[in-house]
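Visitor: Before anything else, here's the structure in question.
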Amino acid sequence: MSADPVLLFVYNADTGLFNTMADIGHKIFSPQTYSCDLCQLTHGYFSERAEWRAFVEQLGVESRFLHRDEFHREFPGQPDALPAVFIHRDNELSLCIDSVELSRFEDLDDLMSAIKDHCLANPGAAAGP
């Protein structure tokens, strides 16, 4: 019997107060060069967007959020470029939405649609973008 899938959202940013402050400054003063498209979509300058939080809560699947350093500690050797969205099930990690696709999203609605279409259409096996 297989375990329930977990959506894993991985930000292209590291943990820590200094990193958080640097990210906020970068988003404010040079958003076009900010390196985490996932964060750009899901967070404002200081907090998570309410629409995003509500979406995640109604998904009906466990969701985890990791920073780059946490992801590499938990899943060493992963070559995938970040940010990205994965499905984690039965100790297998499958890429669901890659960094290239994330960079093409215009807004949060694009991200939410892709999650429904690519990650949740068949949560047992992630579909490629």
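Following the order of the structure tokens, chains are lettered A, B, ..., residues in each are numbered from 1, and ligands are numbered from 1.
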For A:Ile97, find every residue with an atom within 8 Å (counting only C-alpha atoms), except residues of its own chain fewer than 3 positions away, and show them as a PDB file with N, CA and C atoms, in the first residue's frame.

Guide:
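Contents of the output file around_25.pdb:
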ATOM      1  N   ALA A  84      11.162  24.870  -7.656  1.00  0.00           N
ATOM      2  CA  ALA A  84      10.444  23.790  -8.322  1.00  0.00           C
ATOM      3  C   ALA A  84       9.362  23.256  -7.393  1.00  0.00           C
ATOM      4  N   VAL A  85       8.447  22.497  -7.992  1.00  0.00           N
ATOM      5  CA  VAL A  85       7.404  21.814  -7.234  1.00  0.00           C
ATOM      6  C   VAL A  85       7.559  20.321  -7.535  1.00  0.00           C
ATOM      7  N   PHE A  86       7.562  19.522  -6.480  1.00  0.00           N
ATOM      8  CA  PHE A  86       7.741  18.076  -6.597  1.00  0.00           C
ATOM      9  C   PHE A  86       6.555  17.351  -5.977  1.00  0.00           C
ATOM     10  N   GLU A 101       9.329  26.435 -16.257  1.00  0.00           N
ATOM     11  CA  GLU A 101       7.884  26.673 -16.320  1.00  0.00           C
ATOM     12  C   GLU A 101       7.470  27.746 -15.313  1.00  0.00           C
ATOM     13  N   LEU A 102       8.009  27.679 -14.089  1.00  0.00           N
ATOM     14  CA  LEU A 102       7.686  28.698 -13.087  1.00  0.00           C
ATOM     15  C   LEU A 102       8.040  30.095 -13.576  1.00  0.00           C
ATOM     16  N   ALA A 114      -1.476  25.227 -12.936  1.00  0.00           N
ATOM     17  CA  ALA A 114      -0.459  24.216 -13.228  1.00  0.00           C
ATOM     18  C   ALA A 114      -0.401  23.154 -12.143  1.00  0.00           C
ATOM     19  N   ILE A 115      -0.573  23.551 -10.894  1.00  0.00           N
ATOM     20  CA  ILE A 115      -0.579  22.578  -9.805  1.00  0.00           C
ATOM     21  C   ILE A 115      -1.738  21.610  -9.990  1.00  0.00           C
ATOM     22  N   HIS A 118      -0.842  19.559 -13.487  1.00  0.00           N
ATOM     23  CA  HIS A 118       0.362  18.734 -13.547  1.00  0.00           C
ATOM     24  C   HIS A 118       0.615  17.901 -12.302  1.00  0.00           C
ATOM     25  N   CYS A 119       0.194  18.396 -11.158  1.00  0.00           N
ATOM     26  CA  CYS A 119       0.550  17.728  -9.904  1.00  0.00           C
ATOM     27  C   CYS A 119      -0.596  16.934  -9.301  1.00  0.00           C
ATOM     28  N   GLY A 128       4.726  15.489 -16.352  1.00  0.00           N
ATOM     29  CA  GLY A 128       5.681  16.506 -16.767  1.00  0.00           C
ATOM     30  C   GLY A 128       4.941  17.713 -17.292  1.00  0.00           C
ATOM     31  N   PRO A 129       5.575  18.888 -17.231  1.00  0.00           N
ATOM     32  CA  PRO A 129       4.936  20.108 -17.729  1.00  0.00           C
ATOM     33  C   PRO A 129       4.735  20.088 -19.216  1.00  0.00           C
TER      34      PRO A 129
END

Visitor: I'd like the contact shell of A:Asp69 - 7 Å cut-off, only C-alpha atoms, skipping same-chain residues fewer than 2 positions apart - returned as a ChimeraX atom specification.

Guide: /A:14-15,67,71-73

Visitor: Nearest residue to A:Pro79 out of A:Ala13, A:Leu95, A:Ala50, A:Leu66, using only C-alpha atoms?

Guide: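 That would be A:Leu95, the residue with the smallest distance to A:Pro79.
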
Visitor: Can you list, as a ChimeraX atom specification, every protein, DNA or RNA residue that comes within 12 Å of A:Gly60 when you count only C-alpha atoms, leaving out same-chain residues fewer than 4 positions away?

Guide: /A:4-7,54-56,116,120,123

Visitor: Quick one: distance from atom CA of A:Ser99 to atom CA of A:Cys36 in Å, one decimal?

Guide: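 Atom CA of A:Cys36 lies 8.7 Å from atom CA of A:Ser99.
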
Visitor: Please indicate the distance in Å from atom CA of A:Asn91 to atom CA of A:Leu59, rounded to one decimal place.

Guide: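 Distance reported for this atom pair: 21.1 Å.
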
Visitor: When you count only C-alpha atoms, which of these residues is closest to A:Ser113: A:Gln40, A:Gly77, A:Trp52, A:Arg68?

Guide: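 Using only C-alpha atoms, the shortest distance to A:Ser113 belongs to A:Trp52.
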
Visitor: Could you state the separation of atom CA of A:Arg64 and atom CA of A:His88 in Å, given to one decimal place?

Guide: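 The value is 9.8 Å.
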
Visitor: Just the residues within 9 Å of A:Thr42, please, counting only C-alpha atoms, with nothing from its chain fewer than 6 positions along; format it as a ChimeraX atom specification.

Guide: /A:48-53,108,111

Visitor: Using DSSP on the backbone coordinates, identify the residues of stretch 29-82 of chain A assigned to strand (DSSP E or B); present them as a PyMOL selection string.

Guide: chain A and resi 43+48+62-67

Visitor: Those same residues, written as a short mmCIF file (atom, residue, chain, number, x, y, z; two decimals), in the first residue's frame with C-alpha atoms?

Guide:
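Resulting contents of result_6.cif:
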data_model
loop_
_atom_site.label_atom_id
_atom_site.label_comp_id
_atom_site.auth_asym_id
_atom_site.auth_seq_id
_atom_site.Cartn_x
_atom_site.Cartn_y
_atom_site.Cartn_z
CA HIS A 43 4.55 35.95 -1.36
CA GLU A 48 2.51 34.85 2.11
CA GLU A 62 -0.32 17.46 2.32
CA SER A 63 1.97 20.31 1.26
CA ARG A 64 5.45 21.12 2.52
CA PHE A 65 7.55 24.19 1.87
CA LEU A 66 11.33 24.06 1.89
CA HIS A 67 14.10 26.53 1.27
#

Visitor: Skipping near chain neighbours, those fewer than 6 positions away, what residues fall within 9 Å of A:Ala81 using only C-alpha atoms, listed as a list in words?

Guide: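 With the cut-off at 9 Å, the set is Asn12, Asp98, Ser99 and Val100 of chain A.
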
Visitor: Export N, CA and C atoms of the chosen residues as an mmCIF file, in the first residue's frame?

Guide:
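Saved as again.cif:
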data_model
loop_
_atom_site.group_PDB
_atom_site.id
_atom_site.type_symbol
_atom_site.label_atom_id
_atom_site.label_comp_id
_atom_site.auth_asym_id
_atom_site.auth_seq_id
_atom_site.Cartn_x
_atom_site.Cartn_y
_atom_site.Cartn_z
ATOM 1 N N ASN A 12 13.953 28.926 -4.153
ATOM 2 C CA ASN A 12 15.351 29.149 -4.503
ATOM 3 C C ASN A 12 15.921 30.244 -3.603
ATOM 4 N N ASP A 98 8.870 22.585 -13.136
ATOM 5 C CA ASP A 98 10.281 22.960 -13.055
ATOM 6 C C ASP A 98 10.476 24.476 -13.035
ATOM 7 N N SER A 99 11.714 24.881 -12.857
ATOM 8 C CA SER A 99 12.028 26.307 -12.737
ATOM 9 C C SER A 99 11.750 27.073 -14.022
ATOM 10 N N VAL A 100 11.927 26.432 -15.166
ATOM 11 C CA VAL A 100 11.655 27.106 -16.444
ATOM 12 C C VAL A 100 10.167 27.418 -16.564
#

Visitor: Taking only C-alpha atoms into account, which of A:Glu106, A:Phe9, A:Glu74, A:Cys96 comes nearest A:Cys39?

Guide: A:Phe9

Visitor: Which residue, A:Tyr11, A:Gln78, A:Val61, A:Asp107, has the smallest gap to A:Glu92 when you use only C-alpha atoms?

Guide: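 Checking each of A:Tyr11, A:Gln78, A:Val61, A:Asp107 against A:Glu92, counting only C-alpha atoms, the winner is A:Gln78.
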